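Asker: One file: structure_20.txt (compact mmCIF, C-alpha atoms).
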# COMPACT_ATOMS: atom_id res chain seq x y z
CA MET B 1 152.68 74.42 144.55
CA ARG B 2 154.16 76.83 142.03
CA ARG B 3 151.86 75.45 139.32
CA LEU B 4 148.94 75.92 141.67
CA SER B 5 149.95 79.54 142.24
CA ILE B 6 150.18 80.17 138.51
CA LEU B 7 146.77 78.56 137.99
CA GLY B 8 145.39 80.63 140.83
CA GLY B 9 146.82 83.79 139.32
CA LEU B 10 145.40 82.99 135.92
CA ALA B 11 142.01 82.21 137.44
CA ALA B 12 142.03 85.50 139.34
CA ALA B 13 143.02 87.38 136.19
CA GLY B 14 140.26 85.65 134.25
CA ALA B 15 137.68 86.36 136.88
CA ALA B 16 138.61 90.02 137.16
CA THR B 17 136.16 92.28 135.41
CA PRO B 18 136.99 95.67 133.97
CA ALA B 19 136.14 98.60 136.17
CA LEU B 20 132.51 99.50 135.72
CA ALA B 21 132.94 103.17 136.44
CA HIS B 22 131.37 105.88 134.31
CA THR B 23 133.00 105.63 130.93
CA GLY B 24 130.90 108.18 129.12
CA THR B 25 129.16 105.69 126.89
CA GLY B 26 126.97 103.98 129.46
CA LEU B 27 125.43 100.72 128.35
CA PRO B 28 127.76 98.65 126.28
CA GLY B 29 125.58 97.47 123.53
CA GLY B 30 123.01 98.19 120.95
CA PHE B 31 120.60 95.59 119.69
CA VAL B 32 121.54 92.81 122.11
CA SER B 33 121.29 95.06 125.18
CA GLY B 34 117.98 96.44 124.00
CA PHE B 35 116.63 93.00 123.17
CA ALA B 36 117.71 91.55 126.50
CA HIS B 37 116.29 94.41 128.52
CA PRO B 38 112.58 93.52 128.52
CA LEU B 39 113.50 89.86 129.05
CA GLY B 40 115.55 90.64 132.13
CA GLY B 41 112.76 91.60 134.54
CA PRO B 42 109.97 89.15 135.35
CA ASP B 43 107.50 91.99 135.89
CA HIS B 44 108.07 93.42 132.41
CA LEU B 45 108.14 89.99 130.85
CA LEU B 46 104.89 88.82 132.44
CA ALA B 47 103.07 92.02 131.56
CA MET B 48 104.10 91.86 127.92
CA VAL B 49 103.21 88.20 127.51
CA SER B 50 99.89 88.94 129.22
CA VAL B 51 99.11 91.66 126.68
CA GLY B 52 99.35 89.02 123.95
CA LEU B 53 97.43 86.45 125.98
CA TRP B 54 94.61 88.90 126.66
CA GLY B 55 94.59 89.97 123.03
CA ALA B 56 94.15 86.34 122.00
CA TRP B 57 91.15 86.06 124.32
CA LEU B 58 89.67 89.32 123.01
CA GLY B 59 90.04 88.34 119.34
CA ARG B 60 89.91 90.79 116.43
CA PRO B 61 90.65 93.64 116.27
CA LEU B 62 92.31 93.79 119.68
CA VAL B 63 94.57 90.81 119.08
CA HIS B 64 96.31 93.00 116.50
CA LEU B 65 95.68 96.36 118.08
CA LEU B 66 97.18 95.70 121.50
CA PRO B 67 100.65 94.72 120.15
CA VAL B 68 100.59 98.00 118.24
CA VAL B 69 99.41 100.16 121.14
CA PHE B 70 101.73 98.81 123.83
CA PRO B 71 105.10 99.38 122.06
CA GLY B 72 103.85 102.75 120.79
CA MET B 73 102.90 103.93 124.26
CA MET B 74 106.10 102.48 125.67
CA VAL B 75 107.96 104.79 123.35
CA ALA B 76 105.83 107.70 124.56
CA GLY B 77 106.71 106.78 128.15
CA ALA B 78 110.40 106.41 127.30
CA LEU B 79 110.41 109.84 125.65
CA ALA B 80 108.71 111.33 128.71
CA ALA B 81 111.42 109.83 130.91
CA MET B 82 114.22 111.10 128.70
CA ALA B 83 112.67 114.55 128.50
CA GLY B 84 112.73 114.69 132.29
CA LEU B 85 108.97 114.89 132.76
CA PRO B 86 107.79 114.11 136.29
CA PRO B 87 107.64 110.37 136.78
CA PRO B 88 104.34 108.56 137.16
CA PRO B 89 104.27 105.98 139.98
CA VAL B 90 106.29 103.66 137.77
CA GLU B 91 106.88 100.73 140.14
CA LEU B 92 103.25 100.68 141.26
CA GLY B 93 102.12 101.01 137.65
CA ILE B 94 104.25 98.10 136.50
CA ALA B 95 103.13 95.90 139.38
CA LEU B 96 99.51 96.89 138.75
CA SER B 97 99.93 96.09 135.06
CA VAL B 98 100.96 92.53 135.88
CA LEU B 99 98.07 92.17 138.33
CA VAL B 100 95.39 93.70 136.09
CA LEU B 101 96.47 92.07 132.84
CA GLY B 102 96.82 88.70 134.56
CA ALA B 103 93.39 89.12 136.13
CA CYS B 104 91.87 90.05 132.76
CA VAL B 105 93.26 86.86 131.25
CA ALA B 106 92.18 84.76 134.23
CA ALA B 107 88.66 86.16 134.05
CA ALA B 108 88.65 86.06 130.22
CA TYR B 109 87.33 89.61 130.55
CA ALA B 110 85.90 90.73 127.21
CA ALA B 111 86.60 94.42 127.63
CA PRO B 112 85.27 96.87 125.05
CA THR B 113 87.89 97.96 122.53
CA TRP B 114 88.36 101.46 123.97
CA LEU B 115 88.83 100.15 127.51
CA ALA B 116 91.33 97.45 126.52
CA VAL B 117 93.32 99.98 124.50
CA ALA B 118 93.22 102.49 127.38
CA ILE B 119 94.39 99.92 129.94
CA VAL B 120 97.25 98.74 127.75
CA ALA B 121 98.20 102.31 126.82
CA VAL B 122 98.46 103.47 130.44
CA PHE B 123 100.53 100.47 131.44
CA GLY B 124 102.67 100.85 128.31
CA ILE B 125 103.59 104.36 129.43
CA CYS B 126 104.65 103.06 132.86
CA HIS B 127 106.83 100.33 131.35
CA GLY B 128 108.28 102.76 128.80
CA TYR B 129 109.09 105.32 131.48
CA ALA B 130 110.98 102.69 133.44
CA HIS B 131 113.00 101.67 130.38
CA GLY B 132 113.49 105.16 129.01
CA ALA B 133 116.07 106.17 131.56
CA GLU B 134 118.48 103.57 130.21
CA LEU B 135 118.23 104.46 126.54
CA PRO B 136 120.07 107.79 126.31
CA SER B 137 123.33 106.38 127.55
CA ALA B 138 123.26 103.38 125.25
CA ALA B 139 126.25 103.36 122.95
CA ASP B 140 124.07 102.57 119.96
CA PRO B 141 120.63 104.04 120.66
CA VAL B 142 119.11 102.96 117.37
CA GLY B 143 120.21 99.36 117.80
CA TYR B 144 119.06 99.49 121.41
CA SER B 145 115.64 100.85 120.35
CA VAL B 146 115.20 98.19 117.69
CA GLY B 147 116.13 95.40 120.09
CA PHE B 148 113.93 96.84 122.81
CA VAL B 149 110.86 97.22 120.60
CA ALA B 150 111.44 93.89 118.84
CA ALA B 151 111.70 92.00 122.14
CA THR B 152 108.54 93.68 123.42
CA GLY B 153 106.67 92.83 120.24
CA LEU B 154 107.90 89.25 120.21
CA LEU B 155 106.77 88.78 123.81
CA HIS B 156 103.32 89.90 122.71
CA VAL B 157 103.45 87.45 119.83
CA ALA B 158 104.49 84.70 122.27
CA GLY B 159 101.49 85.60 124.41
CA ILE B 160 99.20 85.47 121.38
CA GLY B 161 100.66 82.08 120.49
CA LEU B 162 99.97 80.78 124.00
CA GLY B 163 96.52 82.35 123.89
CA ALA B 164 95.72 80.47 120.69
CA LEU B 165 95.56 77.35 122.87
CA LYS B 166 92.30 78.63 124.33
CA ASP B 167 90.37 77.07 121.45
CA ARG B 168 91.27 73.63 122.75
CA PRO B 169 89.33 72.17 125.66
CA VAL B 170 92.22 72.00 128.10
CA GLY B 171 93.86 75.07 126.59
CA ALA B 172 91.20 77.45 127.81
CA VAL B 173 91.67 76.31 131.39
CA ALA B 174 95.45 76.36 131.01
CA THR B 175 95.60 79.89 129.64
CA ARG B 176 93.20 81.21 132.26
CA GLY B 177 95.26 79.40 134.89
CA ALA B 178 98.36 81.07 133.50
CA GLY B 179 96.57 84.39 133.82
CA LEU B 180 95.78 83.58 137.45
CA CYS B 181 99.46 82.84 138.11
CA VAL B 182 100.44 86.12 136.45
CA ALA B 183 97.90 87.99 138.58
CA ALA B 184 99.29 86.33 141.72
CA ALA B 185 102.78 87.41 140.69
CA GLY B 186 101.41 90.91 140.13
CA LEU B 187 100.00 90.92 143.64
CA TRP B 188 103.42 90.01 144.97
CA PHE B 189 105.09 92.74 142.88
CA LEU B 190 102.51 95.20 144.17
CA GLY B 191 103.34 94.28 147.74
CA GLN B 192 107.03 94.73 147.03
CA ALA B 193 106.42 98.10 145.38
CA ALA B 194 104.23 99.27 148.25
CA LEU B 195 106.88 98.34 150.82
CA ARG B 196 109.56 100.45 149.10
CA MET O 1 127.46 105.82 117.30
CA ARG O 2 124.48 106.37 115.09
CA GLY O 3 125.49 105.58 111.55
CA GLY O 4 126.13 102.19 110.07
CA ALA O 5 123.80 99.98 108.13
CA LEU O 6 120.96 99.78 110.63
CA PRO O 7 119.16 103.12 110.05
CA PRO O 8 119.08 102.81 106.24
CA GLY O 9 118.36 99.10 106.59
CA LEU O 10 115.30 99.85 108.71
CA LEU O 11 114.11 102.36 106.13
CA LEU O 12 114.46 99.85 103.32
CA ALA O 13 112.73 97.23 105.46
CA ALA O 14 109.80 99.63 105.89
CA LEU O 15 109.75 100.08 102.12
CA GLY O 16 109.70 96.31 101.72
CA LEU O 17 106.67 96.11 104.03
CA ALA O 18 104.90 98.90 102.13
CA LEU O 19 105.62 97.31 98.75
CA ALA O 20 103.86 94.16 99.89
CA PHE O 21 100.63 96.18 99.87
CA ALA O 22 101.34 97.70 96.45
CA PRO O 23 100.07 96.51 93.07
CA THR O 24 102.27 93.78 91.61
CA ARG O 25 103.14 95.90 88.56
CA ALA O 26 104.75 98.53 90.80
CA TRP O 27 107.08 96.13 92.59
CA ILE O 28 110.00 96.04 90.17
CA ALA O 29 109.86 99.77 89.42
CA GLY O 30 109.63 100.57 93.13
CA LEU O 31 112.61 98.41 94.08
CA ALA O 32 114.69 99.69 91.17
CA LEU O 33 113.87 103.30 91.95
CA ALA O 34 114.76 102.83 95.62
CA VAL O 35 118.13 101.28 94.79
CA LEU O 36 118.88 103.96 92.19
CA ALA O 37 117.96 106.80 94.55
CA ALA O 38 119.99 105.23 97.35
CA THR O 39 123.02 104.85 95.12
CA ALA O 40 122.72 108.44 93.89
CA THR O 41 122.56 110.00 97.35
CA MET O 42 125.09 107.60 98.84
CA PHE O 43 127.73 108.92 96.45
CA ALA O 44 126.63 112.54 96.80
CA PRO O 45 129.12 114.59 98.82
CA LEU O 46 126.73 115.78 101.53
CA PRO O 47 128.21 118.21 104.08
CA ALA O 48 128.77 116.82 107.55
CA THR O 49 126.73 119.71 108.95
CA TRP O 50 123.63 118.15 107.36
CA ARG O 51 123.95 115.08 109.54
CA GLU O 52 121.19 115.90 112.03
CA ALA O 53 118.82 117.05 109.27
CA VAL O 54 119.50 113.94 107.22
CA PHE O 55 118.80 111.63 110.13
CA LEU O 56 115.65 113.53 111.02
CA GLY O 57 114.48 113.20 107.43
CA GLY O 58 115.40 109.54 107.49
CA TRP O 59 113.40 108.82 110.64
CA ALA O 60 110.42 110.81 109.32
CA SER O 61 110.61 108.83 106.09
CA LEU O 62 110.77 105.59 108.05
CA ALA O 63 107.58 106.52 109.91
CA ILE O 64 105.79 107.59 106.72
CA THR O 65 106.90 104.55 104.74
CA ALA O 66 105.90 102.19 107.53
CA ALA O 67 102.55 103.95 107.86
CA ALA O 68 101.98 103.30 104.16
CA THR O 69 101.13 99.71 105.07
CA TYR O 70 97.91 100.92 106.69
CA PRO O 71 95.67 102.46 103.98
CA PRO O 72 92.80 99.97 103.64
CA ARG O 73 92.80 100.15 99.84
CA GLY O 74 96.53 99.63 99.49
CA LEU O 75 98.80 101.95 97.54
CA SER O 76 98.53 103.32 94.02
CA PRO O 77 101.55 102.78 91.73
CA ALA O 78 102.33 106.50 91.74
CA VAL O 79 102.43 106.63 95.53
CA VAL O 80 104.63 103.53 95.57
CA LEU O 81 107.14 105.19 93.26
CA VAL O 82 107.24 108.36 95.36
CA LEU O 83 107.69 106.32 98.55
CA ALA O 84 110.40 104.19 96.97
CA ALA O 85 112.36 107.17 95.66
CA ASN O 86 112.01 108.96 98.98
CA ALA O 87 113.06 105.94 101.06
CA GLY O 88 115.99 105.18 98.79
CA ALA O 89 117.17 108.78 98.77
CA TRP O 90 117.13 109.12 102.55
CA ALA O 91 118.71 105.70 103.04
CA GLY O 92 121.58 106.66 100.76
CA ALA O 93 121.91 110.05 102.42
CA MET O 94 122.21 108.47 105.87
CA VAL O 95 125.03 106.28 104.59
CA SER O 96 126.66 109.30 102.97
CA VAL O 97 126.76 111.39 106.15
CA ALA O 98 127.43 108.67 108.74
CA GLY O 99 128.50 105.41 107.24
CA ALA O 100 130.80 103.53 104.96
CA ARG O 101 129.86 102.56 101.42
CA LEU O 102 129.69 98.94 102.53
CA ASP O 103 126.92 99.95 104.94
CA GLY O 104 124.85 100.87 101.92
CA VAL O 105 125.21 97.34 100.59
CA ARG O 106 124.46 95.86 104.00
CA ALA O 107 121.38 98.05 104.32
CA LEU O 108 119.91 96.37 101.25
CA ALA O 109 119.34 93.35 103.48
CA GLY O 110 116.38 95.30 104.85
CA LEU O 111 114.59 94.59 101.60
CA ILE O 112 114.30 90.96 102.71
CA ALA O 113 111.21 92.23 104.49
CA PHE O 114 109.56 92.53 101.08
CA PRO O 115 109.24 88.84 100.12
CA ILE O 116 108.39 87.89 103.69
CA ALA O 117 105.67 90.55 103.96
CA THR O 118 104.37 89.68 100.50
CA ALA O 119 104.06 86.03 101.49
CA CYS O 120 102.12 87.09 104.60
CA VAL O 121 99.79 89.35 102.59
CA GLN O 122 99.15 86.68 99.95
CA ARG O 123 98.26 84.14 102.64
CA GLY O 124 95.80 86.49 104.30
CA GLY O 125 98.17 87.44 107.08
CA GLY O 126 98.56 91.06 106.11
CA ILE O 127 98.16 92.13 109.69
CA ALA O 128 101.62 90.79 110.61
CA PRO O 129 103.53 93.27 108.39
CA LYS O 130 101.28 96.03 109.71
CA VAL O 131 102.15 95.18 113.31
CA VAL O 132 105.87 95.10 112.45
CA ALA O 133 105.44 98.43 110.64
CA SER O 134 103.98 99.92 113.81
CA TRP O 135 107.07 98.80 115.70
CA LEU O 136 109.25 100.52 113.09
CA ILE O 137 107.25 103.71 113.62
CA ALA O 138 107.90 103.40 117.36
CA VAL O 139 111.64 103.02 116.72
CA ALA O 140 111.61 106.00 114.35
CA ALA O 141 109.86 108.18 116.93
CA LEU O 142 112.37 107.21 119.60
CA ALA O 143 115.41 107.70 117.38
CA ALA O 144 114.16 111.01 115.99
CA ALA O 145 113.58 112.41 119.46
CA LEU O 146 117.03 111.59 120.84
CA PRO O 147 118.88 114.67 119.56
CA PHE O 148 116.23 117.00 121.01
CA LEU O 149 116.34 115.63 124.53
CA THR O 150 118.22 117.29 127.32
CA VAL O 151 120.17 114.14 128.11
CA THR O 152 123.34 113.25 126.26
CA PRO O 153 122.66 110.66 123.58
CA GLY O 154 125.17 107.81 123.66
CA TYR O 155 126.56 108.62 120.23
CA LEU O 156 127.63 112.11 121.32
CA PRO O 157 130.62 112.74 123.57
CA ASP O 158 129.66 113.56 127.11
CA HIS O 159 131.59 115.49 129.76
CA LEU O 160 134.14 112.71 130.17
CA ASP O 161 134.87 112.13 126.48
Would you encode the structure as C-alpha cells?

Answerer:
Amino acid sequence: MRRLSILGGLAAAGAATPALAHTGTGLPGGFVSGFAHPLGGPDHLLAMVSVGLWGAWLGRPLVHLLPVVFPGMMVAGALAAMAGLPPPPVELGIALSVLVLGACVAAAYAAPTWLAVAIVAVFGICHGYAHGAELPSAADPVGYSVGFVAATGLLHVAGIGLGALKDRPVGAVATRGAGLCVAAAGLWFLGQAALR
Amino acid sequence: MRGGALPPGLLLAALGLALAFAPTRAWIAGLALAVLAATATMFAPLPATWREAVFLGGWASLAITAAATYPPRGLSPAVVLVLAANAGAWAGAMVSVAGARLDGVRALAGLIAFPIATACVQRGGGIAPKVVASWLIAVAALAAALPFLTVTPGYLPDHLD
C-alpha cells in the first residue's frame, strides 16, 4: 500500500506541468515552435499543401512563383498583425483559402498568372495575420521565423511533389480527388467560421 | 534572445546561394573574402549601442544577398566580391555585438548552402535555390521589422521581467 502511495505520488509529480501563467517570454521555443506552428492546424496545412498542388497543375512559372508569393505575403500579413493594423476577416479568409485552393486543384483550373498570384497573395495575408500575433512573444523570434517560413515552404514543396503525380494516368484523378477533399474540408471550415 | 549563430548563419547561407550563380573563378575569392571580413568584424570591439543598427544592417544584407540569386544573367565577379565582403562583415558584426566567438564558427555552417545550391544550378534546378532565397528574404523582413513594432519582441524584457 505504501509502495502504491509512493508510486502514485511520483506519477502525480511527473504528470504535473509547470504553471503556464504569463512569464514574460511567451512561447517557449524558436525554430521548433515556428516549424510546428503551420503543421498544427489542419486549415493552414491543407491550404499550404494546396498551393503547391495547384502550382504543380499550373506548371511554369507558377509552380515556382506561388511558393515565393505565399510565404512573402504571409510575412506581410504577420507584420500587419504585429503592427496592430485592423484585422481582415481572418477566420473566413483562411477557411475560404482552403475551399478556393482545393476547388482550383479539383477543377484543374488553369488561372492566368496574375490571378493565381493575386489569389495566393490575398490568402497568404490572411494566414500570415493569424500567425503574426504569436511571433512577437516568441523567445527566439528569428528561430521562430525561420521555422515558420521553412515549414510553410516545405508544405508547398510537398504539395508540388504530390502534384507531380498528375502526369500519371491515375495520378491526375488522385490529385484532383485530393483537391476535392480539401475543398470539402474548406466548406466545413467555412461553416465553422460562419457560426462563430 | 536574438544573437547566437542563426542570424549570421542565415546571412552566410544566403551568400552560399548567391555564389552558386556566380562565375566559377569568383568562388574561392568570394568565400575567402567573406571569411576574412567576418573574422575581422567579429574581433572588432563594436559598442553595444550599435546592436540595433548592426542587426538592421545584417537583415538588409541578408535580403540583398538572397536577392542576388535572381538576376537572369548571374553575377559578375566584382559584384560577387562586394557581396561576399558585405555579408562576411555583417555576419561577423552580429556575432561581435550579440554572440560568442563560437557562434561565428557555428555560423560558417550556413555556407553548406553553397555546394547544395551549386549542385542544383549545375543540374538545371536553379529555381530551388531561388525559392529558398525568397524565404530568406521573408525571414529578413520579419526579423528586421520586429524592433520597430509596438509589441514587445520576445528578446526584450517586458513589464514582468

Asker: With only C-alpha atoms as the basis for distance, which of B:Gln192, B:Thr175, B:Thr152, B:Ser50 is at the shortest distance from chain O?

Answerer: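 Result for the nearest residue to chain O: B:Thr152.
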
Asker: Write out as a list in words each polymer residue whose atoms come within 7 Å of stretch 132-141 of chain O, counting all atoms listed in the file; drop sequence neighbours fewer than 2 positions from it.

Answerer: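 My reading of the contact set: Val68, Pro71, Gly72, Val75, Ser145, Val146 and Val149 of chain B; Ala14, Trp59, Leu62, Ala63, Ala66, Ala67, Ala128, Pro129, Lys130, Ala143, Ala144 and Ala145 of chain O.
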
Asker: Show me, as a PyMOL selection string, the residues that have an atom within 9 Å of O:Ala87 when counting only C-alpha atoms, minus same-chain residues fewer than 5 positions from it.

Answerer: chain O and resi 8+11-12+14-15+34+37-38+58+61-62+65+82+92

Asker: Can I get the selected residues back with C-alpha atoms, as a PDB file, keeping the file's coordinate frame?

Answerer:
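So again04.pdb came out as:
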ATOM      1  CA  PRO O   8     119.080 102.810 106.240  1.00  0.00           C
ATOM      2  CA  LEU O  11     114.110 102.360 106.130  1.00  0.00           C
ATOM      3  CA  LEU O  12     114.460  99.850 103.320  1.00  0.00           C
ATOM      4  CA  ALA O  14     109.800  99.630 105.890  1.00  0.00           C
ATOM      5  CA  LEU O  15     109.750 100.080 102.120  1.00  0.00           C
ATOM      6  CA  ALA O  34     114.760 102.830  95.620  1.00  0.00           C
ATOM      7  CA  ALA O  37     117.960 106.800  94.550  1.00  0.00           C
ATOM      8  CA  ALA O  38     119.990 105.230  97.350  1.00  0.00           C
ATOM      9  CA  GLY O  58     115.400 109.540 107.490  1.00  0.00           C
ATOM     10  CA  SER O  61     110.610 108.830 106.090  1.00  0.00           C
ATOM     11  CA  LEU O  62     110.770 105.590 108.050  1.00  0.00           C
ATOM     12  CA  THR O  65     106.900 104.550 104.740  1.00  0.00           C
ATOM     13  CA  VAL O  82     107.240 108.360  95.360  1.00  0.00           C
ATOM     14  CA  GLY O  92     121.580 106.660 100.760  1.00  0.00           C
TER      15      GLY O  92
END

Asker: Find the spatial neighbours of O:Val54, counting only C-alpha atoms, within a cut-off of 9 Å - ignore same-chain residues fewer than 6 positions away - and output them as a short mmCIF file (atom, residue, chain, number, x, y, z; two decimals) with C-alpha atoms, keeping the file's coordinate frame.

Answerer:
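Contents of part24.cif, freshly written:
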data_model
loop_
_atom_site.label_atom_id
_atom_site.label_comp_id
_atom_site.auth_asym_id
_atom_site.auth_seq_id
_atom_site.Cartn_x
_atom_site.Cartn_y
_atom_site.Cartn_z
CA TRP O 90 117.13 109.12 102.55
CA ALA O 93 121.91 110.05 102.42
CA MET O 94 122.21 108.47 105.87
CA VAL O 97 126.76 111.39 106.15
#

Asker: Just checking: using all atoms listed in the file, which residue out of O:Val79, O:Val105, O:Ala91, O:Val131 ends up closest to B:Ala150?

Answerer: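 Nearest candidate to B:Ala150 out of O:Val79, O:Val105, O:Ala91, O:Val131: O:Val131.
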
Asker: Which is closest to O:Leu31 among O:Phe43, O:Phe114, O:Tyr70, O:Phe55, if we use only C-alpha atoms?

Answerer: O:Phe114

Asker: Fewer than 6 positions away in the same chain doesn't count, so skip those; otherwise give me all residues within 9 Å of B:Cys181, counting all atoms listed in the file, as a PyMOL selection string.

Answerer: chain B and resi 102-103+106

Asker: For the selection just defined, write its residues with C-alpha atoms to a file, as a compact mmCIF listing (two decimals), in the frame of the given file.

Answerer:
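As a result, part22.txt now contains:
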# COMPACT_ATOMS: atom_id res chain seq x y z
CA GLY B 102 96.82 88.70 134.56
CA ALA B 103 93.39 89.12 136.13
CA ALA B 106 92.18 84.76 134.23

Asker: Taking into account only C-alpha atoms, which residue in the set B:Pro89, B:Gly40, B:Gly153, B:Pro169 is nearest to B:Val69?

Answerer: B:Gly153

Asker: One decimal, Å: what's the distance from atom CA of B:Ser33 over to atom CA of B:Gly132, could you say?

Answerer: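 Computing it gives 13.3 Å between the two atoms.
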
Asker: Nearest to B:Val182 among B:Ile94, B:Ala36, B:Leu85, B:Leu101, with distances taken over all atoms listed in the file: which residue is it?

Answerer: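 Checking each of B:Ile94, B:Ala36, B:Leu85, B:Leu101 against B:Val182, counting all atoms listed in the file, the winner is B:Leu101.
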
Asker: Provide the atom CA of B:Leu180 to atom CA of B:Pro38 distance in Å, to one decimal place.

Answerer: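 Between these atoms lies a distance of 21.5 Å.
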
Asker: As an exercise, work out the distance from atom CA of B:Ala47 to atom CA of B:Phe31 in Å and give it to one decimal place.

Answerer: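 That distance, rounded to one decimal, is 21.5 Å.
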
Asker: Fewer than 3 positions away in the same chain doesn't count, so skip those; otherwise give me all residues within 6 Å of stretch 3-5 of chain O, counting only C-alpha atoms, as a PDB file with C-alpha atoms, keeping the file's coordinate frame.

Answerer:
ATOM      1  CA  PRO O   8     119.080 102.810 106.240  1.00  0.00           C
ATOM      2  CA  GLY O   9     118.360  99.100 106.590  1.00  0.00           C
ATOM      3  CA  ALA O  98     127.430 108.670 108.740  1.00  0.00           C
ATOM      4  CA  GLY O  99     128.500 105.410 107.240  1.00  0.00           C
ATOM      5  CA  ASP O 103     126.920  99.950 104.940  1.00  0.00           C
ATOM      6  CA  ARG O 106     124.460  95.860 104.000  1.00  0.00           C
ATOM      7  CA  ALA O 107     121.380  98.050 104.320  1.00  0.00           C
TER       8      ALA O 107
END

Asker: At a cut-off of 9 Å from (98.9, 88.8, 140.1) in the coordinates of the file, what residues are picked up using all atoms listed in the file, written as a ChimeraX atom specification?

Answerer: /B:95-103,179-190

Asker: Counting all atoms listed in the file, which residue out of O:Ala119, O:Leu146, O:Leu102, O:Ala44 sits closest to chain B?

Answerer: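 So, comparing all the options, the nearest one is O:Leu146.
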
Asker: Show me the residues close to (105.1, 83.7, 119.6) - anything with an atom within 12 Å, counting all atoms listed in the file - and format the list as a list in words.

Answerer: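 Collected hits near the coordinates: Met48, Val49, Gly52, Leu53, Ala56, Pro67, Ala151, Thr152, Gly153, Leu154, Leu155, His156, Val157, Ala158, Gly159, Ile160, Gly161, Leu162, Gly163, Ala164 and Leu165 of chain B; Ala128 of chain O.
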
Asker: Could you write out that same residue set with C-alpha atoms as a PDB file, in the coordinates of the input?

Answerer:
ATOM      1  CA  MET B  48     104.100  91.860 127.920  1.00  0.00           C
ATOM      2  CA  VAL B  49     103.210  88.200 127.510  1.00  0.00           C
ATOM      3  CA  GLY B  52      99.350  89.020 123.950  1.00  0.00           C
ATOM      4  CA  LEU B  53      97.430  86.450 125.980  1.00  0.00           C
ATOM      5  CA  ALA B  56      94.150  86.340 122.000  1.00  0.00           C
ATOM      6  CA  PRO B  67     100.650  94.720 120.150  1.00  0.00           C
ATOM      7  CA  ALA B 151     111.700  92.000 122.140  1.00  0.00           C
ATOM      8  CA  THR B 152     108.540  93.680 123.420  1.00  0.00           C
ATOM      9  CA  GLY B 153     106.670  92.830 120.240  1.00  0.00           C
ATOM     10  CA  LEU B 154     107.900  89.250 120.210  1.00  0.00           C
ATOM     11  CA  LEU B 155     106.770  88.780 123.810  1.00  0.00           C
ATOM     12  CA  HIS B 156     103.320  89.900 122.710  1.00  0.00           C
ATOM     13  CA  VAL B 157     103.450  87.450 119.830  1.00  0.00           C
ATOM     14  CA  ALA B 158     104.490  84.700 122.270  1.00  0.00           C
ATOM     15  CA  GLY B 159     101.490  85.600 124.410  1.00  0.00           C
ATOM     16  CA  ILE B 160      99.200  85.470 121.380  1.00  0.00           C
ATOM     17  CA  GLY B 161     100.660  82.080 120.490  1.00  0.00           C
ATOM     18  CA  LEU B 162      99.970  80.780 124.000  1.00  0.00           C
ATOM     19  CA  GLY B 163      96.520  82.350 123.890  1.00  0.00           C
ATOM     20  CA  ALA B 164      95.720  80.470 120.690  1.00  0.00           C
ATOM     21  CA  LEU B 165      95.560  77.350 122.870  1.00  0.00           C
TER      22      LEU B 165
ATOM     23  CA  ALA O 128     101.620  90.790 110.610  1.00  0.00           C
TER      24      ALA O 128
END
